[in-house]
>>> print(open('final-v3.cif').read())   # mmCIF, C-alpha atoms
data_upload
#
loop_
_atom_site.group_PDB
_atom_site.id
_atom_site.type_symbol
_atom_site.label_atom_id
_atom_site.label_comp_id
_atom_site.auth_asym_id
_atom_site.auth_seq_id
_atom_site.Cartn_x
_atom_site.Cartn_y
_atom_site.Cartn_z
ATOM 1 C CA MET A 1 0.000 0.000 0.000
ATOM 2 C CA ILE A 2 1.163 3.494 -0.790
ATOM 3 C CA ARG A 3 1.450 5.549 2.389
ATOM 4 C CA PHE A 4 1.940 8.962 0.792
ATOM 5 C CA VAL A 5 2.684 10.739 -2.474
ATOM 6 C CA LEU A 6 4.865 13.832 -2.715
ATOM 7 C CA MET A 7 5.642 15.982 -5.720
ATOM 8 C CA PHE A 8 8.320 18.625 -5.280
ATOM 9 C CA SER A 9 10.616 20.819 -7.336
ATOM 10 C CA ARG A 10 14.398 20.644 -7.659
ATOM 11 C CA GLN A 11 14.542 23.489 -5.140
ATOM 12 C CA GLY A 12 12.635 21.405 -2.595
ATOM 13 C CA LYS A 13 9.297 23.234 -2.848
ATOM 14 C CA LEU A 14 6.423 20.878 -2.175
ATOM 15 C CA ARG A 15 3.897 21.102 -5.016
ATOM 16 C CA LEU A 16 1.534 18.230 -4.207
ATOM 17 C CA GLN A 17 1.088 15.896 -1.259
ATOM 18 C CA LYS A 18 -1.398 13.135 -0.652
ATOM 19 C CA TRP A 19 -1.430 11.076 2.548
ATOM 20 C CA TYR A 20 -3.190 7.725 2.755
ATOM 21 C CA ASN A 21 -2.806 7.193 6.493
ATOM 22 C CA ALA A 22 -3.651 9.378 9.442
ATOM 23 C CA LYS A 23 -0.819 11.688 10.482
ATOM 24 C CA THR A 24 -0.847 15.008 12.228
ATOM 25 C CA GLN A 25 0.047 18.111 10.259
ATOM 26 C CA LYS A 26 3.219 18.395 12.328
ATOM 27 C CA ASP A 27 4.279 14.833 11.429
ATOM 28 C CA ARG A 28 3.532 15.462 7.751
ATOM 29 C CA LYS A 29 5.698 18.569 7.711
ATOM 30 C CA LYS A 30 8.492 16.773 9.541
ATOM 31 C CA THR A 31 8.339 13.850 7.114
ATOM 32 C CA SER A 32 8.484 16.186 4.118
ATOM 33 C CA ARG A 33 11.237 18.291 5.672
ATOM 34 C CA ASP A 34 13.330 15.187 6.422
ATOM 35 C CA LEU A 35 12.757 13.243 3.208
ATOM 36 C CA ILE A 36 12.975 15.895 0.471
ATOM 37 C CA PRO A 37 16.627 16.871 1.157
ATOM 38 C CA ILE A 38 17.646 13.196 1.209
ATOM 39 C CA ILE A 39 16.180 12.664 -2.258
ATOM 40 C CA LEU A 40 17.536 15.946 -3.634
ATOM 41 C CA ALA A 41 21.044 15.071 -2.421
ATOM 42 C CA ARG A 42 21.109 11.796 -4.367
ATOM 43 C CA LYS A 43 23.007 11.734 -7.645
ATOM 44 C CA PRO A 44 21.115 11.123 -10.919
ATOM 45 C CA LYS A 45 22.795 7.756 -11.534
ATOM 46 C CA MET A 46 21.789 6.398 -8.128
ATOM 47 C CA CYS A 47 18.942 3.928 -7.653
ATOM 48 C CA ASN A 48 15.415 5.351 -7.438
ATOM 49 C CA PHE A 49 14.637 3.287 -4.334
ATOM 50 C CA LEU A 50 15.750 3.874 -0.787
ATOM 51 C CA GLU A 51 14.863 2.539 2.617
ATOM 52 C CA TRP A 52 13.813 5.229 5.039
ATOM 53 C CA ARG A 53 12.541 4.557 8.534
ATOM 54 C CA ASP A 54 10.133 1.613 8.166
ATOM 55 C CA LEU A 55 9.201 2.472 4.553
ATOM 56 C CA LYS A 56 10.570 2.058 1.069
ATOM 57 C CA ILE A 57 10.766 5.314 -0.860
ATOM 58 C CA VAL A 58 10.357 5.171 -4.625
ATOM 59 C CA TYR A 59 11.016 8.362 -6.546
ATOM 60 C CA LYS A 60 11.618 9.543 -10.094
ATOM 61 C CA ARG A 61 12.628 12.886 -11.519
ATOM 62 C CA TYR A 62 10.832 14.185 -14.586
ATOM 63 C CA ALA A 63 12.188 17.532 -15.841
ATOM 64 C CA SER A 64 12.113 19.874 -12.839
ATOM 65 C CA LEU A 65 9.747 17.797 -10.684
ATOM 66 C CA TYR A 66 10.367 14.862 -8.381
ATOM 67 C CA PHE A 67 7.579 12.349 -7.867
ATOM 68 C CA CYS A 68 7.937 10.354 -4.666
ATOM 69 C CA MET A 69 5.868 7.554 -3.153
ATOM 70 C CA ALA A 70 6.373 5.782 0.155
ATOM 71 C CA ILE A 71 5.369 2.140 0.259
ATOM 72 C CA GLU A 72 5.410 -0.614 2.843
ATOM 73 C CA ASP A 73 8.332 -3.047 3.050
ATOM 74 C CA ASP A 74 6.507 -5.906 1.359
ATOM 75 C CA ASP A 75 5.324 -3.877 -1.674
ATOM 76 C CA ASN A 76 6.928 -4.041 -5.106
ATOM 77 C CA GLU A 77 9.137 -1.057 -5.971
ATOM 78 C CA LEU A 78 8.905 -1.583 -9.728
ATOM 79 C CA ILE A 79 5.116 -1.487 -9.710
ATOM 80 C CA THR A 80 5.286 1.738 -7.701
ATOM 81 C CA LEU A 81 7.726 3.183 -10.222
ATOM 82 C CA GLU A 82 5.261 2.226 -12.953
ATOM 83 C CA ILE A 83 2.434 3.973 -11.043
ATOM 84 C CA ILE A 84 4.565 7.132 -10.889
ATOM 85 C CA HIS A 85 5.208 6.861 -14.613
ATOM 86 C CA ARG A 86 1.510 6.308 -15.306
ATOM 87 C CA TYR A 87 0.641 9.435 -13.303
ATOM 88 C CA VAL A 88 3.211 11.483 -15.233
ATOM 89 C CA GLU A 89 1.812 10.153 -18.520
ATOM 90 C CA LEU A 90 -1.679 11.229 -17.426
ATOM 91 C CA LEU A 91 -0.438 14.703 -16.537
ATOM 92 C CA ASP A 92 1.407 14.947 -19.863
ATOM 93 C CA LYS A 93 -1.645 13.853 -21.811
ATOM 94 C CA TYR A 94 -3.917 16.343 -20.049
ATOM 95 C CA PHE A 95 -1.611 19.375 -19.916
ATOM 96 C CA GLY A 96 0.351 18.729 -23.110
ATOM 97 C CA SER A 97 3.886 18.702 -21.836
ATOM 98 C CA VAL A 98 3.428 19.081 -18.092
ATOM 99 C CA CYS A 99 5.635 21.516 -16.215
ATOM 100 C CA GLU A 100 5.824 22.864 -12.697
ATOM 101 C CA LEU A 101 3.628 25.861 -13.561
ATOM 102 C CA ASP A 102 0.832 23.556 -14.743
ATOM 103 C CA ILE A 103 0.832 21.929 -11.312
ATOM 104 C CA ILE A 104 0.988 25.276 -9.486
ATOM 105 C CA PHE A 105 -1.905 26.863 -11.384
ATOM 106 C CA ASN A 106 -4.011 23.717 -11.848
ATOM 107 C CA TYR A 107 -3.300 21.834 -8.635
ATOM 108 C CA GLU A 108 -6.938 20.747 -8.313
ATOM 109 C CA LYS A 109 -6.676 18.891 -11.645
ATOM 110 C CA ALA A 110 -3.449 17.200 -10.525
ATOM 111 C CA TYR A 111 -5.138 16.083 -7.291
ATOM 112 C CA TYR A 112 -8.242 14.943 -9.160
ATOM 113 C CA MET A 113 -6.151 12.836 -11.551
ATOM 114 C CA LEU A 114 -4.283 11.326 -8.624
ATOM 115 C CA ASP A 115 -7.599 10.515 -6.938
ATOM 116 C CA GLU A 116 -8.855 8.860 -10.121
ATOM 117 C CA LEU A 117 -5.663 6.782 -10.310
ATOM 118 C CA LEU A 118 -5.281 5.876 -6.623
ATOM 119 C CA ILE A 119 -7.780 5.357 -3.829
ATOM 120 C CA GLY A 120 -6.687 4.657 -0.278
ATOM 121 C CA GLY A 121 -3.120 4.057 -1.389
ATOM 122 C CA GLU A 122 -4.076 1.346 -3.891
ATOM 123 C CA ILE A 123 -4.307 1.541 -7.667
ATOM 124 C CA GLN A 124 -7.890 2.117 -8.746
ATOM 125 C CA GLU A 125 -7.786 2.680 -12.495
ATOM 126 C CA THR A 126 -5.076 1.468 -14.838
ATOM 127 C CA SER A 127 -6.604 2.805 -18.046
ATOM 128 C CA LYS A 128 -5.251 6.215 -19.019
ATOM 129 C CA ARG A 129 -8.225 6.686 -21.317
ATOM 130 C CA ASN A 130 -10.729 6.217 -18.470
ATOM 131 C CA VAL A 131 -8.898 8.624 -16.164
ATOM 132 C CA ILE A 132 -8.661 11.329 -18.850
ATOM 133 C CA LYS A 133 -12.323 10.754 -19.697
ATOM 134 C CA ALA A 134 -13.298 11.275 -16.043
ATOM 135 C CA VAL A 135 -11.214 14.461 -15.832
ATOM 136 C CA THR A 136 -12.635 15.920 -19.059
ATOM 137 C CA THR A 137 -16.159 15.053 -17.898
ATOM 138 C CA GLN A 138 -15.432 16.900 -14.658
ATOM 139 C CA ASP A 139 -14.152 19.866 -16.709
ATOM 140 C CA MET A 140 -17.376 19.956 -18.732
ATOM 141 C CA LEU A 141 -19.492 19.833 -15.569
ATOM 142 C CA GLN A 142 -17.451 22.653 -14.077
ATOM 143 C CA ASP A 143 -17.812 24.750 -17.253
ATOM 144 C CA GLU A 144 -21.583 24.167 -17.306
ATOM 145 C CA SER A 145 -21.823 25.127 -13.646
ATOM 146 C CA GLU A 146 -19.870 28.340 -14.208
ATOM 147 C CA ALA A 147 -21.991 29.205 -17.270
ATOM 148 C CA THR A 148 -25.202 28.664 -15.283
ATOM 149 C CA LYS A 149 -23.843 30.772 -12.426
ATOM 150 C CA SER A 150 -22.916 33.647 -14.747
ATOM 151 C CA THR A 151 -26.378 33.488 -16.375
ATOM 152 C CA ILE A 152 -28.050 33.686 -12.959
ATOM 153 C CA ASP A 153 -25.755 36.560 -11.960
ATOM 154 C CA ASP A 154 -26.639 38.408 -15.188
ATOM 155 C CA LEU A 155 -30.372 37.928 -14.525
ATOM 156 C CA LEU A 156 -30.004 39.151 -10.955
ATOM 157 C CA ALA A 157 -28.022 42.195 -12.100
ATOM 158 C CA ALA A 158 -30.666 43.015 -14.739
ATOM 159 C CA THR A 159 -33.498 42.917 -12.191
ATOM 160 C CA ALA A 160 -31.646 45.051 -9.643
#
>>> encode(input="final-v3.cif", output="structure tokens")
Amino acid sequence: MIRFVLMFSRQGKLRLQKWYNAKTQKDRKKTSRDLIPIILARKPKMCNFLEWRDLKIVYKRYASLYFCMAIEDDDNELITLEIIHRYVELLDKYFGSVCELDIIFNYEKAYYMLDELLIGGEIQETSKRNVIKAVTTQDMLQDESEATKSTIDDLLAATA
């Protein structure tokens, strides 16, 4: 089971975090503060797996972003690496060529895609097509909702 997912920049700025077990905010910050420098200090040719506390950390760097997942000792690192890759492929397909700014300005889409891919720390949907379909459907619903809201606002402004 995946315990948490972190996405951070080369400078160590946390861009996305998802926790699948109960931890206090203080523990989450401490975990991030302890783990991110360890990963950033590793050389590019080093293995993408490391043992940290009672967890296995699987990470991968794509352009200027690091994607990191913590898994339990008995979980498969290669499958976790494939899940990271699948998530990056989803982001690339949705945003074009995903970059850090896409995540900063559209963080809710990044979280929504992660929620479509993983639930409770386990893989939910393996089909990229189904995840993208769910996200685009959500986009259409959001656009319809905003259009309806602006129409109601226009009607209220006209009557006032």
>>> atom_distance(input="final-v3.cif", atom1="atom CA of Leu78 of chain A", atom2="atom CA of Tyr59 of chain A")
10.7 Å
>>> atom_distance(input="final-v3.cif", atom1="atom CA of Asp27 of chain A", atom2="atom CA of Leu14 of chain A")
15.0 Å
>>> resolve_selection(input="final-v3.cif", expression="the PyMOL selection byres ((chain A and resi 56) around 7)", output="PyMOL selection string")
chain A and resi 49-52+55+57-58+70-73
>>> residues_around(input="final-v3.cif", residues="Ile123 of chain A", least_positions_apart="6", cutoff="12 Å", atoms="only C-alpha atoms", output="list in words")
Met1, Ile2, Ile79, Thr80, Glu82, Ile83, Ile84, Arg86, Tyr87, Leu114, Asp115, Glu116, Leu117 and Val131 of chain A
>>> atom_distance(input="final-v3.cif", atom1="atom CA of Arg15 of chain A", atom2="atom CA of Leu65 of chain A")
8.8 Å
>>> resolve_selection(input="final-v3.cif", expression="the PyMOL selection byres ((chain A and resi 92) around 12)", output="compact mmCIF listing (two decimals) with C-alpha atoms, in the coordinates of the input")
# COMPACT_ATOMS: atom_id res chain seq x y z
CA TYR A 62 10.83 14.18 -14.59
CA ALA A 63 12.19 17.53 -15.84
CA HIS A 85 5.21 6.86 -14.61
CA ARG A 86 1.51 6.31 -15.31
CA TYR A 87 0.64 9.44 -13.30
CA VAL A 88 3.21 11.48 -15.23
CA GLU A 89 1.81 10.15 -18.52
CA LEU A 90 -1.68 11.23 -17.43
CA LEU A 91 -0.44 14.70 -16.54
CA LYS A 93 -1.64 13.85 -21.81
CA TYR A 94 -3.92 16.34 -20.05
CA PHE A 95 -1.61 19.38 -19.92
CA GLY A 96 0.35 18.73 -23.11
CA SER A 97 3.89 18.70 -21.84
CA VAL A 98 3.43 19.08 -18.09
CA CYS A 99 5.64 21.52 -16.22
CA GLU A 100 5.82 22.86 -12.70
CA ASP A 102 0.83 23.56 -14.74
CA ILE A 103 0.83 21.93 -11.31
CA ALA A 110 -3.45 17.20 -10.52
CA MET A 113 -6.15 12.84 -11.55
CA LYS A 128 -5.25 6.22 -19.02
CA ILE A 132 -8.66 11.33 -18.85
>>> residues_around(input="final-v3.cif", residues="Leu40 of chain A", least_positions_apart="3", cutoff="7 Å", atoms="only C-alpha atoms", output="PyMOL selection string")
chain A and resi 10+36-37
>>> closest_residue(input="final-v3.cif", among="A:Glu125, A:Gln11, A:Tyr107, A:Tyr112", to="Gln138 of chain A", atoms="all atoms listed in the file")
A:Tyr112
>>> residues_around(input="final-v3.cif", residues="Arg33 of chain A", least_positions_apart="5", cutoff="12 Å", atoms="only C-alpha atoms", output="number ranges by chain")
A: 6, 8, 12-14, 26-28, 38-40
>>> closest_atom_pairs(input="final-v3.cif", of="segment 111-141 of chain A", to="segment 18-23 of chain A", cutoff="10 Å", atoms="only C-alpha atoms", output="JSON lines")
{"residue": "A:Tyr111", "atom": "CA", "partner": "A:Lys18", "partner_atom": "CA", "distance": 8.2}
{"residue": "A:Leu114", "atom": "CA", "partner": "A:Lys18", "partner_atom": "CA", "distance": 8.7}
{"residue": "A:Asp115", "atom": "CA", "partner": "A:Lys18", "partner_atom": "CA", "distance": 9.2}
{"residue": "A:Leu118", "atom": "CA", "partner": "A:Tyr20", "partner_atom": "CA", "distance": 9.8}
{"residue": "A:Ile119", "atom": "CA", "partner": "A:Tyr20", "partner_atom": "CA", "distance": 8.4}
{"residue": "A:Gly120", "atom": "CA", "partner": "A:Tyr20", "partner_atom": "CA", "distance": 5.6}
{"residue": "A:Gly121", "atom": "CA", "partner": "A:Tyr20", "partner_atom": "CA", "distance": 5.5}
{"residue": "A:Glu122", "atom": "CA", "partner": "A:Tyr20", "partner_atom": "CA", "distance": 9.3}
>>> write_last_selection(input="final-v3.cif", atoms="C-alpha atoms", output="mmCIF file, in the frame of the given file")
data_model
loop_
_atom_site.group_PDB
_atom_site.id
_atom_site.type_symbol
_atom_site.label_atom_id
_atom_site.label_comp_id
_atom_site.auth_asym_id
_atom_site.auth_seq_id
_atom_site.Cartn_x
_atom_site.Cartn_y
_atom_site.Cartn_z
ATOM 1 C CA TYR A 111 -5.138 16.083 -7.291
ATOM 2 C CA LEU A 114 -4.283 11.326 -8.624
ATOM 3 C CA ASP A 115 -7.599 10.515 -6.938
ATOM 4 C CA LEU A 118 -5.281 5.876 -6.623
ATOM 5 C CA ILE A 119 -7.780 5.357 -3.829
ATOM 6 C CA GLY A 120 -6.687 4.657 -0.278
ATOM 7 C CA GLY A 121 -3.120 4.057 -1.389
ATOM 8 C CA GLU A 122 -4.076 1.346 -3.891
#
>>> closest_residue(input="final-v3.cif", among="A:Thr31, A:Ser145, A:Ser9, A:Asn48", to="Tyr66 of chain A", atoms="all atoms listed in the file")
A:Ser9
>>> closest_residue(input="final-v3.cif", among="A:Thr136, A:Gln124, A:Ser150, A:Ser64", to="Lys109 of chain A", atoms="only C-alpha atoms")
A:Thr136
>>> decode(input="final-v3.cif", residues="segment 95-119 of chain A", atoms="N, CA, C and O atoms", output="PDB file, in the first residue's frame")
ATOM      1  N   PHE A  95      -2.167  18.028 -19.830  1.00  0.00           N
ATOM      2  CA  PHE A  95      -1.611  19.375 -19.916  1.00  0.00           C
ATOM      3  C   PHE A  95      -0.769  19.603 -21.165  1.00  0.00           C
ATOM      4  O   PHE A  95      -0.237  20.695 -21.352  1.00  0.00           O
ATOM      5  N   GLY A  96      -0.612  18.616 -22.017  1.00  0.00           N
ATOM      6  CA  GLY A  96       0.351  18.729 -23.110  1.00  0.00           C
ATOM      7  C   GLY A  96       1.665  18.228 -22.562  1.00  0.00           C
ATOM      8  O   GLY A  96       1.778  17.086 -22.179  1.00  0.00           O
ATOM      9  N   SER A  97       2.631  19.077 -22.481  1.00  0.00           N
ATOM     10  CA  SER A  97       3.886  18.702 -21.836  1.00  0.00           C
ATOM     11  C   SER A  97       3.868  19.344 -20.454  1.00  0.00           C
ATOM     12  O   SER A  97       4.053  20.554 -20.317  1.00  0.00           O
ATOM     13  N   VAL A  98       3.638  18.548 -19.441  1.00  0.00           N
ATOM     14  CA  VAL A  98       3.428  19.081 -18.092  1.00  0.00           C
ATOM     15  C   VAL A  98       4.699  19.733 -17.566  1.00  0.00           C
ATOM     16  O   VAL A  98       5.807  19.269 -17.819  1.00  0.00           O
ATOM     17  N   CYS A  99       4.521  20.847 -16.871  1.00  0.00           N
ATOM     18  CA  CYS A  99       5.635  21.516 -16.215  1.00  0.00           C
ATOM     19  C   CYS A  99       5.178  21.946 -14.816  1.00  0.00           C
ATOM     20  O   CYS A  99       4.012  21.797 -14.458  1.00  0.00           O
ATOM     21  N   GLU A 100       6.119  22.478 -14.076  1.00  0.00           N
ATOM     22  CA  GLU A 100       5.824  22.864 -12.697  1.00  0.00           C
ATOM     23  C   GLU A 100       4.712  23.904 -12.618  1.00  0.00           C
ATOM     24  O   GLU A 100       3.870  23.866 -11.726  1.00  0.00           O
ATOM     25  N   LEU A 101       4.672  24.827 -13.570  1.00  0.00           N
ATOM     26  CA  LEU A 101       3.628  25.861 -13.561  1.00  0.00           C
ATOM     27  C   LEU A 101       2.236  25.276 -13.764  1.00  0.00           C
ATOM     28  O   LEU A 101       1.265  25.779 -13.195  1.00  0.00           O
ATOM     29  N   ASP A 102       2.130  24.224 -14.575  1.00  0.00           N
ATOM     30  CA  ASP A 102       0.832  23.556 -14.743  1.00  0.00           C
ATOM     31  C   ASP A 102       0.319  23.033 -13.412  1.00  0.00           C
ATOM     32  O   ASP A 102      -0.859  23.154 -13.090  1.00  0.00           O
ATOM     33  N   ILE A 103       1.217  22.466 -12.622  1.00  0.00           N
ATOM     34  CA  ILE A 103       0.832  21.929 -11.312  1.00  0.00           C
ATOM     35  C   ILE A 103       0.476  23.062 -10.354  1.00  0.00           C
ATOM     36  O   ILE A 103      -0.505  22.975  -9.608  1.00  0.00           O
ATOM     37  N   ILE A 104       1.239  24.148 -10.387  1.00  0.00           N
ATOM     38  CA  ILE A 104       0.988  25.276  -9.486  1.00  0.00           C
ATOM     39  C   ILE A 104      -0.373  25.902  -9.771  1.00  0.00           C
ATOM     40  O   ILE A 104      -1.158  26.153  -8.850  1.00  0.00           O
ATOM     41  N   PHE A 105      -0.672  26.153 -11.042  1.00  0.00           N
ATOM     42  CA  PHE A 105      -1.905  26.863 -11.384  1.00  0.00           C
ATOM     43  C   PHE A 105      -3.118  25.953 -11.547  1.00  0.00           C
ATOM     44  O   PHE A 105      -4.247  26.433 -11.562  1.00  0.00           O
ATOM     45  N   ASN A 106      -2.902  24.666 -11.688  1.00  0.00           N
ATOM     46  CA  ASN A 106      -4.011  23.717 -11.848  1.00  0.00           C
ATOM     47  C   ASN A 106      -3.878  22.557 -10.861  1.00  0.00           C
ATOM     48  O   ASN A 106      -4.062  21.399 -11.220  1.00  0.00           O
ATOM     49  N   TYR A 107      -3.542  22.879  -9.628  1.00  0.00           N
ATOM     50  CA  TYR A 107      -3.300  21.834  -8.635  1.00  0.00           C
ATOM     51  C   TYR A 107      -4.530  20.958  -8.412  1.00  0.00           C
ATOM     52  O   TYR A 107      -4.406  19.768  -8.147  1.00  0.00           O
ATOM     53  N   GLU A 108      -5.731  21.543  -8.546  1.00  0.00           N
ATOM     54  CA  GLU A 108      -6.938  20.747  -8.313  1.00  0.00           C
ATOM     55  C   GLU A 108      -7.078  19.652  -9.370  1.00  0.00           C
ATOM     56  O   GLU A 108      -7.552  18.553  -9.068  1.00  0.00           O
ATOM     57  N   LYS A 109      -6.641  19.922 -10.592  1.00  0.00           N
ATOM     58  CA  LYS A 109      -6.676  18.891 -11.645  1.00  0.00           C
ATOM     59  C   LYS A 109      -5.660  17.793 -11.349  1.00  0.00           C
ATOM     60  O   LYS A 109      -5.922  16.612 -11.563  1.00  0.00           O
ATOM     61  N   ALA A 110      -4.482  18.184 -10.864  1.00  0.00           N
ATOM     62  CA  ALA A 110      -3.449  17.200 -10.525  1.00  0.00           C
ATOM     63  C   ALA A 110      -3.943  16.292  -9.395  1.00  0.00           C
ATOM     64  O   ALA A 110      -3.755  15.072  -9.444  1.00  0.00           O
ATOM     65  N   TYR A 111      -4.588  16.889  -8.389  1.00  0.00           N
ATOM     66  CA  TYR A 111      -5.138  16.083  -7.291  1.00  0.00           C
ATOM     67  C   TYR A 111      -6.274  15.185  -7.788  1.00  0.00           C
ATOM     68  O   TYR A 111      -6.385  14.033  -7.392  1.00  0.00           O
ATOM     69  N   TYR A 112      -7.113  15.727  -8.651  1.00  0.00           N
ATOM     70  CA  TYR A 112      -8.242  14.943  -9.160  1.00  0.00           C
ATOM     71  C   TYR A 112      -7.746  13.738  -9.958  1.00  0.00           C
ATOM     72  O   TYR A 112      -8.264  12.631  -9.807  1.00  0.00           O
ATOM     73  N   MET A 113      -6.716  13.951 -10.787  1.00  0.00           N
ATOM     74  CA  MET A 113      -6.151  12.836 -11.551  1.00  0.00           C
ATOM     75  C   MET A 113      -5.537  11.791 -10.629  1.00  0.00           C
ATOM     76  O   MET A 113      -5.685  10.588 -10.860  1.00  0.00           O
ATOM     77  N   LEU A 114      -4.861  12.252  -9.588  1.00  0.00           N
ATOM     78  CA  LEU A 114      -4.283  11.326  -8.624  1.00  0.00           C
ATOM     79  C   LEU A 114      -5.377  10.530  -7.911  1.00  0.00           C
ATOM     80  O   LEU A 114      -5.238   9.322  -7.701  1.00  0.00           O
ATOM     81  N   ASP A 115      -6.477  11.204  -7.587  1.00  0.00           N
ATOM     82  CA  ASP A 115      -7.599  10.515  -6.938  1.00  0.00           C
ATOM     83  C   ASP A 115      -8.280   9.519  -7.872  1.00  0.00           C
ATOM     84  O   ASP A 115      -8.799   8.503  -7.417  1.00  0.00           O
ATOM     85  N   GLU A 116      -8.294   9.813  -9.160  1.00  0.00           N
ATOM     86  CA  GLU A 116      -8.855   8.860 -10.121  1.00  0.00           C
ATOM     87  C   GLU A 116      -7.943   7.645 -10.289  1.00  0.00           C
ATOM     88  O   GLU A 116      -8.404   6.545 -10.543  1.00  0.00           O
ATOM     89  N   LEU A 117      -6.641   7.855 -10.144  1.00  0.00           N
ATOM     90  CA  LEU A 117      -5.663   6.782 -10.310  1.00  0.00           C
ATOM     91  C   LEU A 117      -5.528   5.924  -9.054  1.00  0.00           C
ATOM     92  O   LEU A 117      -5.473   4.698  -9.136  1.00  0.00           O
ATOM     93  N   LEU A 118      -5.498   6.574  -7.894  1.00  0.00           N
ATOM     94  CA  LEU A 118      -5.281   5.876  -6.623  1.00  0.00           C
ATOM     95  C   LEU A 118      -6.417   6.176  -5.647  1.00  0.00           C
ATOM     96  O   LEU A 118      -6.866   7.317  -5.558  1.00  0.00           O
ATOM     97  N   ILE A 119      -6.825   5.160  -4.922  1.00  0.00           N
ATOM     98  CA  ILE A 119      -7.780   5.357  -3.829  1.00  0.00           C
ATOM     99  C   ILE A 119      -7.247   4.605  -2.623  1.00  0.00           C
ATOM    100  O   ILE A 119      -6.923   3.423  -2.720  1.00  0.00           O
TER     101      ILE A 119
END
